[in-house]
file structure23.tsv (TSV, C-alpha atoms)
chain	number	residue	atom	x	y	z
A	1	MET	CA	14.51	7.91	-14.05
A	2	GLN	CA	17.51	6.57	-12.20
A	3	GLY	CA	15.71	4.24	-9.84
A	4	MET	CA	12.53	2.75	-8.52
A	5	ILE	CA	10.86	1.59	-5.35
A	6	GLY	CA	10.33	-2.13	-4.91
A	7	LYS	CA	9.43	-4.86	-2.50
A	8	LYS	CA	11.71	-7.75	-1.66
A	9	ILE	CA	9.78	-10.93	-2.34
A	10	GLY	CA	12.36	-13.53	-1.43
A	11	MET	CA	15.23	-15.60	-2.72
A	12	THR	CA	15.41	-18.53	-5.10
A	13	ARG	CA	17.77	-19.83	-7.74
A	14	VAL	CA	17.90	-19.65	-11.51
A	15	PHE	CA	19.89	-21.69	-13.99
A	16	ASN	CA	21.83	-19.66	-16.55
A	17	ASP	CA	22.55	-20.59	-20.17
A	18	THR	CA	25.46	-22.82	-19.20
A	19	GLY	CA	23.33	-24.58	-16.57
A	20	ARG	CA	25.08	-23.02	-13.60
A	21	VAL	CA	23.07	-22.11	-10.52
A	22	ILE	CA	22.75	-18.43	-9.60
A	23	ALA	CA	21.20	-17.38	-6.30
A	24	VAL	CA	18.80	-14.51	-6.95
A	25	THR	CA	16.61	-12.16	-4.98
A	26	VAL	CA	13.23	-11.44	-6.52
A	27	ILE	CA	12.08	-7.83	-6.23
A	28	LYS	CA	8.57	-6.74	-7.14
A	29	THR	CA	8.47	-3.29	-8.63
A	30	GLY	CA	6.30	-1.08	-10.81
A	31	ASN	CA	5.73	2.47	-9.65
A	32	ILE	CA	3.41	5.38	-10.26
A	33	VAL	CA	4.74	8.78	-11.26
A	34	GLU	CA	3.55	11.14	-8.55
A	35	GLN	CA	5.22	14.43	-9.31
A	36	ILE	CA	7.67	15.92	-11.75
A	37	LYS	CA	10.05	18.48	-10.35
A	38	THR	CA	11.53	20.94	-12.78
A	39	SER	CA	14.46	23.27	-12.46
A	40	GLU	CA	12.24	26.27	-13.28
A	41	LYS	CA	9.79	25.59	-10.50
A	42	ASP	CA	11.72	23.61	-7.90
A	43	GLY	CA	15.31	24.57	-8.62
A	44	TYR	CA	16.25	21.04	-9.68
A	45	SER	CA	14.75	18.33	-11.83
A	46	SER	CA	13.67	14.95	-10.53
A	47	VAL	CA	10.73	12.64	-10.40
A	48	GLN	CA	8.77	11.52	-7.38
A	49	LEU	CA	7.64	7.93	-7.61
A	50	GLY	CA	5.03	6.11	-5.58
A	51	PHE	CA	4.72	2.42	-4.71
A	52	ASP	CA	1.86	0.33	-3.36
A	53	THR	CA	-1.41	2.11	-4.15
A	54	ILE	CA	-3.88	2.42	-1.26
A	55	ALA	CA	-7.40	3.70	-0.74
A	56	GLU	CA	-7.98	7.44	-0.43
A	57	LYS	CA	-9.29	7.14	3.10
A	58	LYS	CA	-6.00	5.62	4.23
A	59	VAL	CA	-4.03	8.83	3.59
A	60	ASN	CA	-4.13	11.97	5.65
A	61	LYS	CA	-5.46	15.19	4.18
A	62	PRO	CA	-2.20	17.04	3.48
A	63	LEU	CA	-0.89	14.04	1.52
A	64	LEU	CA	-4.19	13.55	-0.25
A	65	GLY	CA	-3.95	17.16	-1.38
A	66	HIS	CA	-0.53	16.42	-2.82
A	67	PHE	CA	-1.84	13.41	-4.72
A	68	LYS	CA	-4.90	15.31	-6.00
A	69	LYS	CA	-2.85	18.31	-7.09
A	70	ASN	CA	-0.65	16.13	-9.27
A	71	ASN	CA	-3.54	14.06	-10.54
A	72	SER	CA	-2.01	10.84	-9.27
A	73	GLN	CA	-2.99	8.03	-6.92
A	74	PRO	CA	-2.50	7.66	-3.17
A	75	VAL	CA	0.42	5.38	-2.33
A	76	LYS	CA	2.15	3.99	0.72
A	77	VAL	CA	5.73	4.84	-0.19
A	78	LEU	CA	7.06	7.97	-1.89
A	79	LYS	CA	10.61	8.50	-3.07
A	80	GLU	CA	12.36	10.94	-5.34
A	81	PHE	CA	14.80	9.90	-8.05
A	82	LYS	CA	16.99	11.84	-10.44
A	83	LEU	CA	16.17	11.81	-14.12
A	84	ASP	CA	18.34	10.09	-16.70
A	85	ASN	CA	18.09	13.12	-18.96
A	86	LYS	CA	16.02	16.26	-19.14
A	87	GLU	CA	13.99	15.08	-22.11
A	88	GLU	CA	12.51	12.07	-20.33
A	89	GLN	CA	8.75	12.04	-20.80
A	90	LEU	CA	6.97	11.17	-17.59
A	91	VAL	CA	3.34	11.95	-16.83
A	92	PRO	CA	2.01	12.12	-13.26
A	93	GLY	CA	-0.49	9.38	-12.56
A	94	LYS	CA	1.04	7.07	-15.16
A	95	ALA	CA	2.59	3.76	-14.22
A	96	VAL	CA	6.21	2.87	-14.89
A	97	GLY	CA	7.28	-0.76	-14.91
A	98	VAL	CA	10.40	-2.87	-14.72
A	99	GLU	CA	11.10	-1.99	-18.38
A	100	ALA	CA	12.96	0.96	-16.90
A	101	PHE	CA	15.76	-1.47	-16.04
A	102	GLU	CA	15.99	-2.87	-19.54
A	103	GLY	CA	19.60	-2.95	-20.65
A	104	VAL	CA	20.86	-2.14	-17.16
A	105	ARG	CA	23.55	-4.59	-16.07
A	106	PHE	CA	24.07	-3.59	-12.46
A	107	VAL	CA	21.92	-1.98	-9.79
A	108	ASP	CA	22.39	-0.67	-6.26
A	109	VAL	CA	19.75	-1.86	-3.82
A	110	ALA	CA	19.02	-0.14	-0.51
A	111	GLY	CA	16.87	-1.62	2.21
A	112	THR	CA	16.37	-1.56	5.95
A	113	VAL	CA	18.29	-4.44	7.50
A	114	LYS	CA	16.67	-6.61	10.16
A	115	GLY	CA	16.98	-5.14	13.65
A	116	ARG	CA	19.01	-7.19	16.12
A	117	GLY	CA	18.27	-5.02	19.15
A	118	PHE	CA	21.01	-4.47	21.73
A	119	ALA	CA	23.69	-6.87	20.60
A	120	GLY	CA	26.91	-7.83	22.36
A	121	THR	CA	30.32	-7.67	20.71
A	122	ILE	CA	30.37	-11.40	19.97
A	123	LYS	CA	27.24	-11.24	17.84
A	124	LYS	CA	27.87	-7.76	16.46
A	125	TYR	CA	31.57	-7.88	15.59
A	126	HIS	CA	32.43	-11.60	15.89
A	127	PHE	CA	34.67	-11.04	18.90
A	128	GLN	CA	35.98	-14.15	20.60
A	129	ARG	CA	34.65	-15.33	23.90
A	130	GLY	CA	36.56	-16.20	27.03
A	131	ARG	CA	36.74	-19.62	28.63
A	132	GLU	CA	34.18	-20.48	31.25
A	133	SER	CA	36.34	-22.47	33.64
A	134	HIS	CA	39.69	-22.04	35.47
A	135	GLY	CA	38.60	-18.93	37.32
A	136	ASN	CA	37.78	-16.85	34.29
A	137	THR	CA	35.04	-14.28	34.73
A	138	ASN	CA	35.26	-12.56	31.35
A	139	VAL	CA	33.17	-14.84	29.15
A	140	ARG	CA	31.21	-12.65	26.76
A	141	GLU	CA	32.63	-9.25	27.64
A	142	ARG	CA	34.71	-7.32	25.21
A	143	GLY	CA	37.92	-7.04	27.30
A	144	SER	CA	40.09	-3.97	27.53
A	145	CYS	CA	38.98	-0.61	26.18
A	146	GLY	CA	42.46	0.87	26.03
A	147	ALA	CA	45.49	1.88	28.10
A	148	ASN	CA	45.35	3.75	31.40
A	149	SER	CA	47.84	6.61	31.61
A	150	TYR	CA	48.13	7.22	27.91
A	151	PRO	CA	45.83	7.97	26.09
A	152	ALA	CA	43.78	7.79	29.32
A	153	ARG	CA	40.60	7.86	27.30
A	154	VAL	CA	38.62	5.54	25.09
A	155	LEU	CA	39.48	6.09	21.46
A	156	PRO	CA	36.55	7.08	19.25
A	157	GLY	CA	35.05	4.38	17.08
A	158	LEU	CA	35.97	1.52	19.41
A	159	LYS	CA	33.81	-1.52	18.80
A	160	MET	CA	31.44	-1.94	21.69
A	161	SER	CA	28.12	-3.62	22.28
A	162	GLY	CA	25.02	-1.66	21.39
A	163	HIS	CA	22.12	-1.42	19.02
A	164	TRP	CA	22.62	-3.32	15.77
A	165	GLY	CA	20.56	-3.37	12.61
A	166	ASP	CA	17.34	-1.56	11.68
A	167	GLU	CA	19.21	0.94	9.52
A	168	GLN	CA	19.31	1.53	5.81
A	169	VAL	CA	22.09	-0.27	3.99
A	170	THR	CA	22.93	-0.10	0.29
A	171	ILE	CA	24.44	-3.04	-1.54
A	172	LYS	CA	26.15	-1.76	-4.65
A	173	LYS	CA	26.64	-3.32	-8.05
A	174	LEU	CA	24.28	-6.25	-7.92
A	175	GLU	CA	23.94	-7.94	-11.28
A	176	VAL	CA	20.53	-7.89	-12.95
A	177	VAL	CA	19.90	-11.50	-13.93
A	178	ALA	CA	16.45	-11.23	-15.51
A	179	LEU	CA	13.36	-9.08	-15.90
A	180	ASP	CA	9.82	-10.41	-15.82
A	181	LYS	CA	7.79	-7.67	-17.43
A	182	ASP	CA	4.40	-9.37	-17.12
A	183	ALA	CA	4.69	-9.89	-13.38
A	184	GLY	CA	6.79	-6.77	-12.79
A	185	LEU	CA	9.64	-8.69	-11.21
A	186	LEU	CA	13.34	-7.94	-11.13
A	187	TYR	CA	15.82	-10.75	-10.52
A	188	VAL	CA	19.01	-9.57	-8.86
A	189	LYS	CA	22.04	-11.76	-8.20
A	190	GLY	CA	22.81	-12.28	-4.54
A	191	ALA	CA	21.22	-11.05	-1.36
A	192	VAL	CA	19.46	-7.76	-0.68
A	193	PRO	CA	19.21	-6.04	2.73
A	194	GLY	CA	16.06	-6.44	4.79
A	195	ARG	CA	13.30	-8.88	5.43
A	196	ASN	CA	11.03	-10.41	2.81
A	197	GLN	CA	8.15	-8.04	1.95
A	198	GLY	CA	10.42	-5.14	2.99
A	199	ILE	CA	10.65	-1.98	0.92
A	200	VAL	CA	13.81	-1.56	-1.14
A	201	TYR	CA	15.09	1.25	-3.33
A	202	ILE	CA	16.67	0.11	-6.58
A	203	LYS	CA	19.02	2.45	-8.42
A	204	LYS	CA	20.89	1.98	-11.64
A	205	ASN	CA	24.57	1.50	-10.89
A	206	ILE	CA	26.48	4.34	-12.52
A	207	THR	CA	30.01	2.96	-12.11
A	208	LYS	CA	29.22	0.01	-14.40
B	209	MET	CA	7.50	-19.08	1.14
B	210	SER	CA	5.86	-16.41	-0.92
B	211	GLU	CA	3.31	-17.39	-3.56
B	212	ILE	CA	5.32	-15.51	-6.18
B	213	ILE	CA	8.47	-17.48	-5.41
B	214	ARG	CA	6.51	-20.71	-5.47
B	215	ALA	CA	5.08	-19.85	-8.89
B	216	ILE	CA	8.53	-18.99	-10.26
B	217	GLU	CA	9.98	-22.27	-9.01
B	218	LYS	CA	7.06	-24.25	-10.37
B	219	LYS	CA	7.63	-22.71	-13.77
B	220	THR	CA	11.33	-23.59	-13.76
B	221	MET	CA	10.68	-27.13	-12.56
B	222	ALA	CA	8.20	-27.54	-15.43
B	223	GLY	CA	6.34	-30.49	-13.94
B	224	ARG	CA	9.49	-32.49	-13.24
B	225	THR	CA	9.60	-34.41	-9.98
B	226	ILE	CA	12.25	-36.31	-8.09
B	227	GLY	CA	11.51	-39.96	-8.80
B	228	TYR	CA	14.14	-41.54	-6.56
B	229	ASN	CA	14.92	-41.92	-2.88
B	230	PRO	CA	18.05	-42.44	-0.82
B	231	GLY	CA	19.23	-46.02	-1.28
B	232	ASP	CA	18.22	-46.22	-4.92
B	233	THR	CA	20.77	-46.97	-7.59
B	234	VAL	CA	20.45	-44.42	-10.37
B	235	ASN	CA	22.04	-43.51	-13.64
B	236	VAL	CA	22.29	-39.76	-14.17
B	237	SER	CA	22.78	-38.52	-17.72
B	238	PHE	CA	24.52	-35.19	-17.35
B	239	LYS	CA	25.11	-32.87	-20.27
B	240	ILE	CA	28.63	-31.54	-20.60
B	241	LYS	CA	29.68	-28.77	-22.96
B	242	GLU	CA	33.16	-29.04	-24.41
B	243	GLY	CA	33.76	-26.01	-26.53
B	244	GLU	CA	31.04	-26.16	-29.15
B	245	LYS	CA	30.20	-29.81	-28.72
B	246	GLU	CA	27.78	-31.13	-26.18
B	247	ARG	CA	28.01	-34.66	-24.91
B	248	ILE	CA	26.32	-36.70	-22.23
B	249	GLN	CA	28.19	-38.13	-19.30
B	250	GLN	CA	26.78	-41.01	-17.32
B	251	PHE	CA	27.11	-41.10	-13.57
B	252	GLN	CA	25.88	-44.30	-12.01
B	253	GLY	CA	25.72	-44.86	-8.30
B	254	VAL	CA	23.74	-44.91	-5.07
B	255	VAL	CA	21.71	-41.92	-3.92
B	256	ILE	CA	23.04	-41.21	-0.45
B	257	GLN	CA	21.10	-38.05	0.25
B	258	THR	CA	18.51	-35.68	-1.09
B	259	ARG	CA	18.28	-32.29	0.52
B	260	GLY	CA	16.42	-29.01	0.11
B	261	SER	CA	12.94	-28.48	-1.13
B	262	GLY	CA	11.45	-27.15	-4.34
B	263	LEU	CA	13.92	-25.81	-6.86
B	264	ASN	CA	16.69	-25.78	-4.24
B	265	ALA	CA	16.74	-29.56	-3.93
B	266	THR	CA	20.03	-31.34	-4.56
B	267	VAL	CA	20.90	-35.01	-4.74
B	268	THR	CA	24.19	-36.67	-3.81
B	269	VAL	CA	25.17	-39.76	-5.79
B	270	ARG	CA	28.02	-41.98	-4.67
B	271	LYS	CA	29.78	-44.44	-6.90
B	272	SER	CA	32.96	-46.46	-6.84
B	273	SER	CA	35.46	-45.70	-9.54
B	274	GLY	CA	38.10	-48.37	-9.43
B	275	ASN	CA	38.69	-48.62	-5.73
B	276	ILE	CA	38.11	-44.96	-5.05
B	277	TYR	CA	34.66	-43.71	-4.14
B	278	VAL	CA	33.37	-40.59	-5.85
B	279	GLU	CA	30.47	-38.45	-4.72
B	280	ARG	CA	28.75	-35.94	-6.90
B	281	ILE	CA	26.11	-33.41	-5.94
B	282	PHE	CA	23.57	-32.57	-8.62
B	283	PRO	CA	20.99	-29.78	-8.45
B	284	ALA	CA	17.89	-31.95	-8.79
B	285	TYR	CA	16.20	-29.65	-11.29
B	286	SER	CA	19.26	-28.64	-13.29
B	287	PRO	CA	18.59	-28.29	-17.02
B	288	LEU	CA	21.85	-30.15	-17.57
B	289	ILE	CA	20.34	-33.37	-16.27
B	290	ALA	CA	19.01	-35.09	-19.35
B	291	GLU	CA	17.64	-38.13	-17.59
B	292	VAL	CA	17.73	-39.96	-14.28
B	293	LYS	CA	17.14	-43.67	-14.65
B	294	VAL	CA	16.33	-45.66	-11.54
B	295	LEU	CA	18.05	-49.03	-11.83
B	296	LYS	CA	17.31	-50.46	-8.40
B	297	ARG	CA	15.08	-49.49	-5.49
B	298	GLY	CA	16.95	-49.96	-2.26
B	299	ARG	CA	15.50	-50.68	1.16
B	300	VAL	CA	17.23	-48.43	3.68
B	301	ARG	CA	16.32	-47.33	7.18
B	302	ARG	CA	17.64	-43.78	7.16
B	303	ALA	CA	17.35	-40.71	4.99
B	304	LYS	CA	21.06	-39.90	4.80
B	305	LEU	CA	23.30	-42.84	4.03
B	306	TYR	CA	26.50	-41.29	5.34
B	307	TYR	CA	27.44	-44.63	6.92
B	308	LEU	CA	28.32	-45.86	3.42
B	309	ARG	CA	31.33	-43.55	3.49
B	310	GLY	CA	32.97	-45.77	6.08
B	311	LEU	CA	32.37	-48.95	4.13
B	312	THR	CA	33.93	-50.48	1.05
B	313	GLY	CA	33.30	-53.39	-1.28
B	314	LYS	CA	30.67	-55.95	-0.39
B	315	ALA	CA	29.66	-54.09	2.78
B	316	THR	CA	28.20	-51.24	0.72
B	317	ARG	CA	25.54	-53.47	-0.80
B	318	ILE	CA	21.96	-52.34	-0.17
B	319	LYS	CA	19.01	-54.71	0.01
B	320	GLU	CA	16.60	-54.34	-2.84
B	321	LYS	CA	13.01	-53.34	-2.19
B	322	LYS	CA	10.51	-56.05	-2.92

call {"tool": "encode", "arguments": {"input": "structure23.tsv", "output": "structure tokens"}}
result
Amino acid sequence: MQGMIGKKIGMTRVFNDTGRVIAVTVIKTGNIVEQIKTSEKDGYSSVQLGFDTIAEKKVNKPLLGHFKKNNSQPVKVLKEFKLDNKEEQLVPGKAVGVEAFEGVRFVDVAGTVKGRGFAGTIKKYHFQRGRESHGNTNVRERGSCGANSYPARVLPGLKMSGHWGDEQVTIKKLEVVALDKDAGLLYVKGAVPGRNQGIVYIKKNITK
Amino acid sequence: MSEIIRAIEKKTMAGRTIGYNPGDTVNVSFKIKEGEKERIQQFQGVVIQTRGSGLNATVTVRKSSGNIYVERIFPAYSPLIAEVKVLKRGRVRRAKLYYLRGLTGKATRIKEKK
């Protein structure tokens, strides 16, 4: 499959062969194959993976039916990924580990970034602030929104204060530094969106 | 910090600890690769700060080279550090010895711990 579901554990550093420090994010992964979709039956082929197994009583009945039908286990997170090729042998209910990323140099990681709530333009877009003294009243406001008689409207896409964060963001082409197959950990160079313990979706980078 | 991260760092640190404090005079043997050959460079000076915890810890060593002072920051658990020899234990009253940057010559002397 082209990707997997994981959990961001946190950041640390590793020393490479030349002794240089690399900042890495550790992602815990290891999924369960939940369902195989085929072009005959579903019109397209893909695989549905599950992450974080939970007790049967924790899932609602419609979902439990889905898990039972495919002979797999109840999980917290479900996500569909494309297959690498049609011949790939995947069995529902079977586990897939980090080995899937063996030989992969770069990955794209998507996660939900931390929510900042309603943020002003200074925090959100690094606007400059006004001076507090000498009669100035515009301290943290954004300033002008545009001209009066022409265009006589606010242009679309203007940077204004508003809700920031709590949305899915993908960071592309992060280098895979190491795989820990025993612990099911993936070491990725640099930062990954979202809080620690947050769910992330890891995909093989196809641009290379 | 997560238990997993702690375990990873412990494994990398492999039982090594930081055996020096700010104010100590140390000799750091640092491996340097030149092409194929590997040699060891000595860096001897006063520890003016240690910062960070766990694997992220770094140590700043200050020495005088001629009449120019040189500071070098080492990752405390770098595999390139072959050995850190403590030559003198200094008695200092702060954790960061930035005040040494304003001093030269005899004024930079640090009292030895008894």

call {"tool": "closest_residue", "arguments": {"input": "structure23.tsv", "among": "B:Asn275, B:Ile256, B:Gly227, B:Val294", "to": "Tyr307 of chain B", "atoms": "only C-alpha atoms"}}
result
B:Ile256

call {"tool": "interface_residues", "arguments": {"input": "structure23.tsv", "of": "chain B", "to": "chain A", "cutoff": "12 Å", "atoms": "all atoms listed in the file", "output": "count of residues only"}}
result
37

call {"tool": "closest_residue", "arguments": {"input": "structure23.tsv", "among": "B:Val255, B:Val267, B:Ile226, B:Ile318", "to": "Gly298 of chain B", "atoms": "all atoms listed in the file"}}
result
B:Ile318

call {"tool": "residues_around", "arguments": {"input": "structure23.tsv", "residues": "Gln257 of chain B", "least_positions_apart": "4", "cutoff": "10 Å", "atoms": "all atoms listed in the file", "output": "JSON, numbers by chain"}}
result
{"B": [229, 230, 231, 266, 267, 268, 269, 270, 281, 302, 303, 304, 305, 306]}

call {"tool": "closest_residue", "arguments": {"input": "structure23.tsv", "among": "A:Ala119, A:Asp52, A:Glu175, A:Gly198", "to": "His163 of chain A", "atoms": "all atoms listed in the file"}}
result
A:Ala119

call {"tool": "atom_distance", "arguments": {"input": "structure23.tsv", "atom1": "atom CA of Ser149 of chain A", "atom2": "atom CA of Phe127 of chain A"}}
result
25.4 Å

call {"tool": "closest_residue", "arguments": {"input": "structure23.tsv", "among": "A:Leu155, A:Gly165, A:Asn31, A:Val104", "to": "Gly117 of chain A", "atoms": "all atoms listed in the file"}}
result
A:Gly165

call {"tool": "residues_around", "arguments": {"input": "structure23.tsv", "residues": "Arg317 of chain B", "least_positions_apart": "4", "cutoff": "12 Å", "atoms": "only C-alpha atoms", "output": "PDB file with C-alpha atoms, in the frame of the given file"}}
result
ATOM      1  CA  GLY B 231      19.230 -46.020  -1.280  1.00  0.00           C
ATOM      2  CA  ASP B 232      18.220 -46.220  -4.920  1.00  0.00           C
ATOM      3  CA  THR B 233      20.770 -46.970  -7.590  1.00  0.00           C
ATOM      4  CA  GLY B 253      25.720 -44.860  -8.300  1.00  0.00           C
ATOM      5  CA  VAL B 254      23.740 -44.910  -5.070  1.00  0.00           C
ATOM      6  CA  LYS B 271      29.780 -44.440  -6.900  1.00  0.00           C
ATOM      7  CA  SER B 272      32.960 -46.460  -6.840  1.00  0.00           C
ATOM      8  CA  LYS B 296      17.310 -50.460  -8.400  1.00  0.00           C
ATOM      9  CA  GLY B 298      16.950 -49.960  -2.260  1.00  0.00           C
ATOM     10  CA  ARG B 299      15.500 -50.680   1.160  1.00  0.00           C
ATOM     11  CA  VAL B 300      17.230 -48.430   3.680  1.00  0.00           C
ATOM     12  CA  LEU B 305      23.300 -42.840   4.030  1.00  0.00           C
ATOM     13  CA  TYR B 307      27.440 -44.630   6.920  1.00  0.00           C
ATOM     14  CA  LEU B 308      28.320 -45.860   3.420  1.00  0.00           C
ATOM     15  CA  LEU B 311      32.370 -48.950   4.130  1.00  0.00           C
ATOM     16  CA  THR B 312      33.930 -50.480   1.050  1.00  0.00           C
ATOM     17  CA  GLY B 313      33.300 -53.390  -1.280  1.00  0.00           C
TER      18      GLY B 313
END

call {"tool": "residues_near_point", "arguments": {"input": "structure23.tsv", "point": "(-4.5, 11.0, -12.0)", "cutoff": "7 Å", "atoms": "all atoms listed in the file", "output": "list in words"}}
result
Asn70, Asn71, Ser72, Gln73, Pro92 and Gly93 of chain A

call {"tool": "write_last_selection", "arguments": {"input": "structure23.tsv", "atoms": "C-alpha atoms", "output": "CSV table (one decimal), keeping the file's coordinate frame"}}
result
chain,number,residue,atom,x,y,z
A,70,ASN,CA,-0.6,16.1,-9.3
A,71,ASN,CA,-3.5,14.1,-10.5
A,72,SER,CA,-2.0,10.8,-9.3
A,73,GLN,CA,-3.0,8.0,-6.9
A,92,PRO,CA,2.0,12.1,-13.3
A,93,GLY,CA,-0.5,9.4,-12.6

call {"tool": "residues_around", "arguments": {"input": "structure23.tsv", "residues": "Arg105 of chain A", "least_positions_apart": "2", "cutoff": "10 Å", "atoms": "all atoms listed in the file", "output": "number ranges by chain"}}
result
A: 101-103, 107, 173-178, 188, 204-205, 208

call {"tool": "closest_residue", "arguments": {"input": "structure23.tsv", "among": "B:Lys319, B:Arg280, B:Lys293, B:Arg259", "to": "Ser237 of chain B", "atoms": "all atoms listed in the file"}}
result
B:Lys293

call {"tool": "atom_distance", "arguments": {"input": "structure23.tsv", "atom1": "atom CA of Leu186 of chain A", "atom2": "atom CA of Phe106 of chain A"}}
result
11.7 Å

call {"tool": "residues_around", "arguments": {"input": "structure23.tsv", "residues": "Lys124 of chain A", "least_positions_apart": "6", "cutoff": "9 Å", "atoms": "all atoms listed in the file", "output": "PyMOL selection string"}}
result
chain A and resi 116+159-164

call {"tool": "closest_residue", "arguments": {"input": "structure23.tsv", "among": "B:Val292, B:Ser273, B:Val278, B:Gly310", "to": "Arg224 of chain B", "atoms": "only C-alpha atoms"}}
result
B:Val292

call {"tool": "residues_around", "arguments": {"input": "structure23.tsv", "residues": "Val59 of chain A", "least_positions_apart": "5", "cutoff": "10 Å", "atoms": "only C-alpha atoms", "output": "list in words"}}
result
Ile54, Leu64, Gly65, Phe67, Pro74, Val75 and Lys76 of chain A

call {"tool": "atom_distance", "arguments": {"input": "structure23.tsv", "atom1": "atom CA of Glu88 of chain A", "atom2": "atom CA of Glu56 of chain A"}}
result
28.9 Å
